[in-house]
>>> print(open('coords.cif').read())   # mmCIF, C-alpha atoms
data_query
loop_
_atom_site.group_PDB
_atom_site.id
_atom_site.type_symbol
_atom_site.label_atom_id
_atom_site.label_comp_id
_atom_site.auth_asym_id
_atom_site.auth_seq_id
_atom_site.Cartn_x
_atom_site.Cartn_y
_atom_site.Cartn_z
ATOM 1 C CA MET C 20 11.658 0.440 -4.020
ATOM 2 C CA THR C 21 11.936 4.182 -4.499
ATOM 3 C CA ASP C 22 9.544 6.935 -3.468
ATOM 4 C CA GLU C 23 8.599 7.230 -7.145
ATOM 5 C CA TYR C 24 6.523 4.013 -6.913
ATOM 6 C CA VAL C 25 3.765 2.884 -4.545
ATOM 7 C CA ILE C 26 2.761 -0.750 -4.132
ATOM 8 C CA VAL C 27 -1.008 -1.080 -4.669
ATOM 9 C CA GLY C 28 -1.384 -4.857 -4.763
ATOM 10 C CA LYS C 29 0.210 -8.139 -5.644
ATOM 11 C CA ILE C 30 -0.345 -10.962 -8.068
ATOM 12 C CA GLY C 31 -2.105 -13.957 -6.585
ATOM 13 C CA ALA C 32 -2.816 -17.425 -7.934
ATOM 14 C CA THR C 33 -3.579 -18.316 -11.522
ATOM 15 C CA TYR C 34 -7.200 -18.264 -12.632
ATOM 16 C CA GLY C 35 -8.531 -20.506 -15.370
ATOM 17 C CA ILE C 36 -6.661 -22.055 -18.273
ATOM 18 C CA LYS C 37 -5.900 -18.975 -20.424
ATOM 19 C CA GLY C 38 -3.228 -17.258 -18.322
ATOM 20 C CA TRP C 39 -5.453 -15.088 -16.121
ATOM 21 C CA LEU C 40 -4.307 -14.162 -12.612
ATOM 22 C CA LYS C 41 -6.094 -13.292 -9.388
ATOM 23 C CA ILE C 42 -5.090 -9.865 -8.122
ATOM 24 C CA VAL C 43 -4.756 -8.989 -4.440
ATOM 25 C CA SER C 44 -5.652 -5.304 -4.228
ATOM 26 C CA PHE C 45 -4.351 -3.068 -1.441
ATOM 27 C CA THR C 46 -6.518 -0.143 -2.562
ATOM 28 C CA GLU C 47 -9.217 1.071 -0.169
ATOM 29 C CA THR C 48 -11.931 -0.309 -2.438
ATOM 30 C CA ILE C 49 -10.664 -3.510 -4.079
ATOM 31 C CA PRO C 50 -11.723 -2.747 -7.686
ATOM 32 C CA ASN C 51 -10.005 0.672 -7.573
ATOM 33 C CA ILE C 52 -6.749 -1.030 -8.559
ATOM 34 C CA LEU C 53 -8.285 -1.298 -12.046
ATOM 35 C CA ASP C 54 -8.301 2.523 -12.280
ATOM 36 C CA TYR C 55 -4.512 2.625 -12.575
ATOM 37 C CA ASP C 56 -2.724 2.137 -15.859
ATOM 38 C CA PRO C 57 -0.009 1.115 -16.291
ATOM 39 C CA TRP C 58 0.919 -1.309 -13.539
ATOM 40 C CA TYR C 59 4.593 -1.921 -12.819
ATOM 41 C CA LEU C 60 6.274 -5.176 -11.777
ATOM 42 C CA GLU C 61 9.773 -5.399 -10.360
ATOM 43 C CA GLU C 62 12.351 -7.222 -12.455
ATOM 44 C CA ASN C 63 16.017 -7.251 -11.405
ATOM 45 C CA GLN C 64 15.350 -4.379 -8.957
ATOM 46 C CA VAL C 65 13.843 -2.216 -11.714
ATOM 47 C CA TRP C 66 10.129 -1.406 -12.027
ATOM 48 C CA LYS C 67 8.901 -2.193 -15.536
ATOM 49 C CA PRO C 68 5.444 -1.422 -16.946
ATOM 50 C CA ILE C 69 3.253 -4.353 -17.941
ATOM 51 C CA GLU C 70 0.391 -4.382 -20.400
ATOM 52 C CA ILE C 71 -2.904 -5.629 -19.031
ATOM 53 C CA SER C 72 -4.911 -6.929 -21.987
ATOM 54 C CA ASP C 73 -8.073 -7.448 -19.913
ATOM 55 C CA ALA C 74 -9.167 -7.134 -16.281
ATOM 56 C CA ARG C 75 -12.416 -7.252 -14.370
ATOM 57 C CA GLU C 76 -14.063 -7.648 -11.019
ATOM 58 C CA HIS C 77 -14.652 -11.282 -10.132
ATOM 59 C CA GLY C 78 -16.698 -12.114 -7.048
ATOM 60 C CA LYS C 79 -15.228 -10.063 -4.218
ATOM 61 C CA GLY C 80 -11.900 -9.660 -6.007
ATOM 62 C CA VAL C 81 -10.226 -8.841 -9.299
ATOM 63 C CA VAL C 82 -8.729 -10.945 -12.087
ATOM 64 C CA ALA C 83 -6.412 -9.727 -14.841
ATOM 65 C CA LYS C 84 -4.768 -10.986 -17.999
ATOM 66 C CA ILE C 85 -1.220 -9.830 -18.689
ATOM 67 C CA ALA C 86 -0.565 -9.507 -22.425
ATOM 68 C CA GLY C 87 1.512 -12.413 -23.714
ATOM 69 C CA LEU C 88 0.643 -14.826 -20.922
ATOM 70 C CA ASP C 89 -1.617 -17.467 -22.406
ATOM 71 C CA THR C 90 -1.221 -20.484 -20.119
ATOM 72 C CA PRO C 91 -1.421 -21.076 -16.370
ATOM 73 C CA GLU C 92 2.215 -22.205 -16.455
ATOM 74 C CA GLN C 93 3.356 -18.860 -17.898
ATOM 75 C CA ALA C 94 1.129 -16.892 -15.514
ATOM 76 C CA ARG C 95 2.303 -18.853 -12.458
ATOM 77 C CA LEU C 96 5.779 -17.299 -12.846
ATOM 78 C CA PHE C 97 4.269 -13.946 -11.823
ATOM 79 C CA THR C 98 2.529 -15.187 -8.653
ATOM 80 C CA GLY C 99 3.549 -13.197 -5.582
ATOM 81 C CA LYS C 100 5.012 -10.228 -7.460
ATOM 82 C CA ALA C 101 4.165 -6.785 -6.101
ATOM 83 C CA ILE C 102 2.123 -4.460 -8.310
ATOM 84 C CA ALA C 103 3.184 -0.820 -8.190
ATOM 85 C CA ILE C 104 2.105 2.418 -9.786
ATOM 86 C CA LYS C 105 3.946 5.703 -10.095
ATOM 87 C CA ARG C 106 3.200 8.043 -7.193
ATOM 88 C CA THR C 107 2.148 10.656 -9.784
ATOM 89 C CA GLN C 108 -0.799 8.380 -10.710
ATOM 90 C CA LEU C 109 -2.351 8.845 -7.248
ATOM 91 C CA PRO C 110 -5.001 11.513 -6.727
ATOM 92 C CA THR C 111 -3.907 14.635 -4.841
ATOM 93 C CA LEU C 112 -5.076 14.579 -1.235
ATOM 94 C CA LYS C 113 -6.581 17.369 0.828
ATOM 95 C CA LYS C 114 -4.700 18.998 3.700
ATOM 96 C CA ASN C 115 -4.064 16.572 6.605
ATOM 97 C CA GLU C 116 -4.843 13.523 4.447
ATOM 98 C CA TYR C 117 -2.074 10.982 3.864
ATOM 99 C CA TYR C 118 -1.563 7.776 1.982
ATOM 100 C CA TRP C 119 -0.673 4.858 4.233
ATOM 101 C CA SER C 120 2.539 4.365 2.266
ATOM 102 C CA ASP C 121 3.580 7.903 3.292
ATOM 103 C CA LEU C 122 3.009 7.160 6.986
ATOM 104 C CA GLU C 123 4.836 3.819 7.067
ATOM 105 C CA GLY C 124 8.346 4.290 8.401
ATOM 106 C CA LEU C 125 7.666 7.565 10.221
ATOM 107 C CA THR C 126 9.241 7.924 13.671
ATOM 108 C CA VAL C 127 6.535 8.335 16.315
ATOM 109 C CA ILE C 128 7.199 10.631 19.280
ATOM 110 C CA ASN C 129 4.791 11.153 22.173
ATOM 111 C CA GLN C 130 3.905 14.358 24.013
ATOM 112 C CA THR C 131 6.772 13.941 26.502
ATOM 113 C CA GLY C 132 9.359 13.554 23.724
ATOM 114 C CA GLU C 133 9.782 9.786 24.035
ATOM 115 C CA VAL C 134 10.371 7.918 20.790
ATOM 116 C CA LEU C 135 7.823 5.103 20.596
ATOM 117 C CA GLY C 136 9.301 3.607 17.427
ATOM 118 C CA ARG C 137 8.484 3.540 13.724
ATOM 119 C CA ILE C 138 5.183 2.889 12.005
ATOM 120 C CA ILE C 139 5.518 -0.588 10.494
ATOM 121 C CA TYR C 140 1.989 -0.866 9.088
ATOM 122 C CA LEU C 141 -1.590 0.320 9.470
ATOM 123 C CA ILE C 142 -4.850 -1.536 10.043
ATOM 124 C CA ALA C 143 -8.323 -0.481 8.895
ATOM 125 C CA THR C 144 -10.788 -1.204 11.701
ATOM 126 C CA GLY C 145 -13.920 0.515 10.464
ATOM 127 C CA SER C 146 -14.197 3.200 13.123
ATOM 128 C CA ASN C 147 -10.659 4.529 12.652
ATOM 129 C CA ASP C 148 -7.370 3.291 11.276
ATOM 130 C CA VAL C 149 -4.739 1.975 13.695
ATOM 131 C CA LEU C 150 -0.992 2.657 13.504
ATOM 132 C CA VAL C 151 1.194 -0.279 14.477
ATOM 133 C CA VAL C 152 4.379 1.210 15.907
ATOM 134 C CA LYS C 153 7.431 -0.933 16.658
ATOM 135 C CA GLY C 154 10.119 0.235 19.065
ATOM 136 C CA ASP C 155 11.257 -1.431 22.273
ATOM 137 C CA LYS C 156 7.630 -2.533 22.439
ATOM 138 C CA GLU C 157 4.880 -2.725 19.844
ATOM 139 C CA HIS C 158 2.074 -0.174 20.153
ATOM 140 C CA ALA C 159 -1.333 -0.067 18.456
ATOM 141 C CA ILE C 160 -2.231 3.616 18.288
ATOM 142 C CA PRO C 161 -5.556 4.859 16.903
ATOM 143 C CA TYR C 162 -5.130 7.223 13.966
ATOM 144 C CA ILE C 163 -7.368 10.037 15.181
ATOM 145 C CA LEU C 164 -6.153 13.421 13.925
ATOM 146 C CA ASP C 165 -5.912 16.260 16.437
ATOM 147 C CA GLU C 166 -6.940 14.005 19.330
ATOM 148 C CA VAL C 167 -4.251 11.293 19.260
ATOM 149 C CA VAL C 168 -2.147 12.254 16.233
ATOM 150 C CA THR C 169 -1.161 15.861 16.909
ATOM 151 C CA SER C 170 1.150 16.463 13.928
ATOM 152 C CA VAL C 171 2.630 14.769 10.867
ATOM 153 C CA ASP C 172 5.783 16.060 9.191
ATOM 154 C CA LEU C 173 6.492 14.001 6.079
ATOM 155 C CA SER C 174 9.619 15.989 5.212
ATOM 156 C CA LYS C 175 11.177 15.217 8.633
ATOM 157 C CA ARG C 176 9.594 11.697 8.653
ATOM 158 C CA VAL C 177 8.100 12.319 12.125
ATOM 159 C CA MET C 178 4.647 11.972 13.692
ATOM 160 C CA HIS C 179 3.783 13.400 17.106
ATOM 161 C CA VAL C 180 1.109 11.664 19.168
ATOM 162 C CA ASN C 181 -0.704 12.153 22.438
ATOM 163 C CA TRP C 182 0.025 8.641 23.724
ATOM 164 C CA ASP C 183 1.581 7.376 26.937
ATOM 165 C CA LEU C 184 4.168 4.628 27.099
ATOM 166 C CA ILE C 185 2.748 1.566 28.803
#
>>> encode(input="coords.cif", output="structure tokens")
Amino acid sequence: MTDEYVIVGKIGATYGIKGWLKIVSFTETIPNILDYDPWYLEENQVWKPIEISDAREHGKGVVAKIAGLDTPEQARLFTGKAIAIKRTQLPTLKKNEYYWSDLEGLTVINQTGEVLGRIIYLIATGSNDVLVVKGDKEHAIPYILDEVVTSVDLSKRVMHVNWDLI
């Protein structure tokens, strides 16, 4: 994976008898994954565009039909593959707004200069997002700008937080 691509979902189970697939969306609002075209799938460590011949919301999720896949057996070969888009397809964010993919991997340092670890993933909780930081211990740190998260430097891959080691 390079910084040129961002994973926005993955292919789930087959759906129906005509080669459709369930899509697991990682976008903030599940159907937003349908706003991106093209999608890219990894093949031999290279991201290749795929043609989606049809896609739609289905229940609380999304289903899609990849061009050329006409049977569940053909579609099943794609189950579990990550779906990526080019970073340039993402909307530009305002100042002090970040995509989760940009925050993952940052080194987190507290107010006394102690390295807490690296951000391994984030969790949406409703009230605020939570950073899961793994170092000697695992920390769940609320993502509250200016109060807990005091600075983010993407170029240096560092986040400073007001958080005590426990």
>>> resolve_selection(input="coords.cif", expression="the PyMOL selection byres ((chain C and resi 65) around 12)", output="ChimeraX atom specification")
/C:20-21,23-24,59-64,66-68,103
>>> write_last_selection(input="coords.cif", atoms="C-alpha atoms", output="PDB file, in the coordinates of the input")
ATOM      1  CA  MET C  20      11.658   0.440  -4.020  1.00  0.00           C
ATOM      2  CA  THR C  21      11.936   4.182  -4.499  1.00  0.00           C
ATOM      3  CA  GLU C  23       8.599   7.230  -7.145  1.00  0.00           C
ATOM      4  CA  TYR C  24       6.523   4.013  -6.913  1.00  0.00           C
ATOM      5  CA  TYR C  59       4.593  -1.921 -12.819  1.00  0.00           C
ATOM      6  CA  LEU C  60       6.274  -5.176 -11.777  1.00  0.00           C
ATOM      7  CA  GLU C  61       9.773  -5.399 -10.360  1.00  0.00           C
ATOM      8  CA  GLU C  62      12.351  -7.222 -12.455  1.00  0.00           C
ATOM      9  CA  ASN C  63      16.017  -7.251 -11.405  1.00  0.00           C
ATOM     10  CA  GLN C  64      15.350  -4.379  -8.957  1.00  0.00           C
ATOM     11  CA  TRP C  66      10.129  -1.406 -12.027  1.00  0.00           C
ATOM     12  CA  LYS C  67       8.901  -2.193 -15.536  1.00  0.00           C
ATOM     13  CA  PRO C  68       5.444  -1.422 -16.946  1.00  0.00           C
ATOM     14  CA  ALA C 103       3.184  -0.820  -8.190  1.00  0.00           C
TER      15      ALA C 103
END
>>> resolve_selection(input="coords.cif", expression="the PyMOL selection byres ((chain C and resi 38) around 12)", output="PyMOL selection string")
chain C and resi 32-37+39-41+71-74+82-98
>>> axis_aligned_box(input="coords.cif", around="stretch 26-45 of chain C", padding_each_side="3 Å", output="lines of an AutoDock Vina configuration file")
center_x = -2.9
center_y = -11.4
center_z = -10.9
size_x = 17.3
size_y = 27.3
size_z = 25.0
>>> residues_around(input="coords.cif", residues="C:Lys156", least_positions_apart="2", cutoff="10 Å", atoms="all atoms listed in the file", output="short mmCIF file (atom, residue, chain, number, x, y, z; two decimals) with C-alpha atoms, in the coordinates of the input")
data_model
loop_
_atom_site.label_atom_id
_atom_site.label_comp_id
_atom_site.auth_asym_id
_atom_site.auth_seq_id
_atom_site.Cartn_x
_atom_site.Cartn_y
_atom_site.Cartn_z
CA LEU C 135 7.82 5.10 20.60
CA GLY C 136 9.30 3.61 17.43
CA VAL C 152 4.38 1.21 15.91
CA LYS C 153 7.43 -0.93 16.66
CA GLY C 154 10.12 0.24 19.07
CA HIS C 158 2.07 -0.17 20.15
CA LEU C 184 4.17 4.63 27.10
CA ILE C 185 2.75 1.57 28.80
#
>>> resolve_selection(input="coords.cif", expression="the PyMOL selection byres ((chain C and resi 146) around 10)", output="VMD selection string")
chain C and resid 143 to 145 147 to 149 161 to 163
>>> atom_distance(input="coords.cif", atom1="atom CA of C:Val134", atom2="atom CA of C:Leu173")
16.4 Å
>>> atom_distance(input="coords.cif", atom1="atom CA of C:Arg176", atom2="atom CA of C:Val127")
8.9 Å
>>> residues_around(input="coords.cif", residues="C:His179", least_positions_apart="2", cutoff="12 Å", atoms="only C-alpha atoms", output="ChimeraX atom specification")
/C:122,125-138,160,162-173,175-177,181-183
>>> closest_atom_pairs(input="coords.cif", of="stretch 82-128 of chain C", to="stretch 25-29 of chain C", cutoff="7 Å", atoms="all atoms listed in the file", output="tab-separated table")
residue	atom	partner	partner_atom	distance
C:Gly99	CA	C:Lys29	CA	6.1
C:Lys100	CA	C:Lys29	CA	5.5
C:Ala101	CA	C:Lys29	CA	4.2
C:Ile102	CA	C:Lys29	CA	4.9
C:Ala103	CA	C:Ile26	CA	4.1
C:Ile104	CA	C:Val25	CA	5.5
C:Lys105	CA	C:Val25	CA	6.2
C:Arg106	CA	C:Val25	CA	5.8
>>> atom_distance(input="coords.cif", atom1="atom CA of C:Tyr55", atom2="atom CA of C:Met178")
29.3 Å
>>> closest_residue(input="coords.cif", among="C:Trp119, C:Ala159, C:Lys79, C:Gly124", to="C:Thr46", atoms="only C-alpha atoms")
C:Trp119
>>> closest_residue(input="coords.cif", among="C:Ile139, C:Trp58, C:Asn51, C:Asp155", to="C:Pro110", atoms="only C-alpha atoms")
C:Asn51
>>> closest_residue(input="coords.cif", among="C:Ile42, C:Glu47, C:Ile52, C:Gln108", to="C:Ile142", atoms="all atoms listed in the file")
C:Glu47
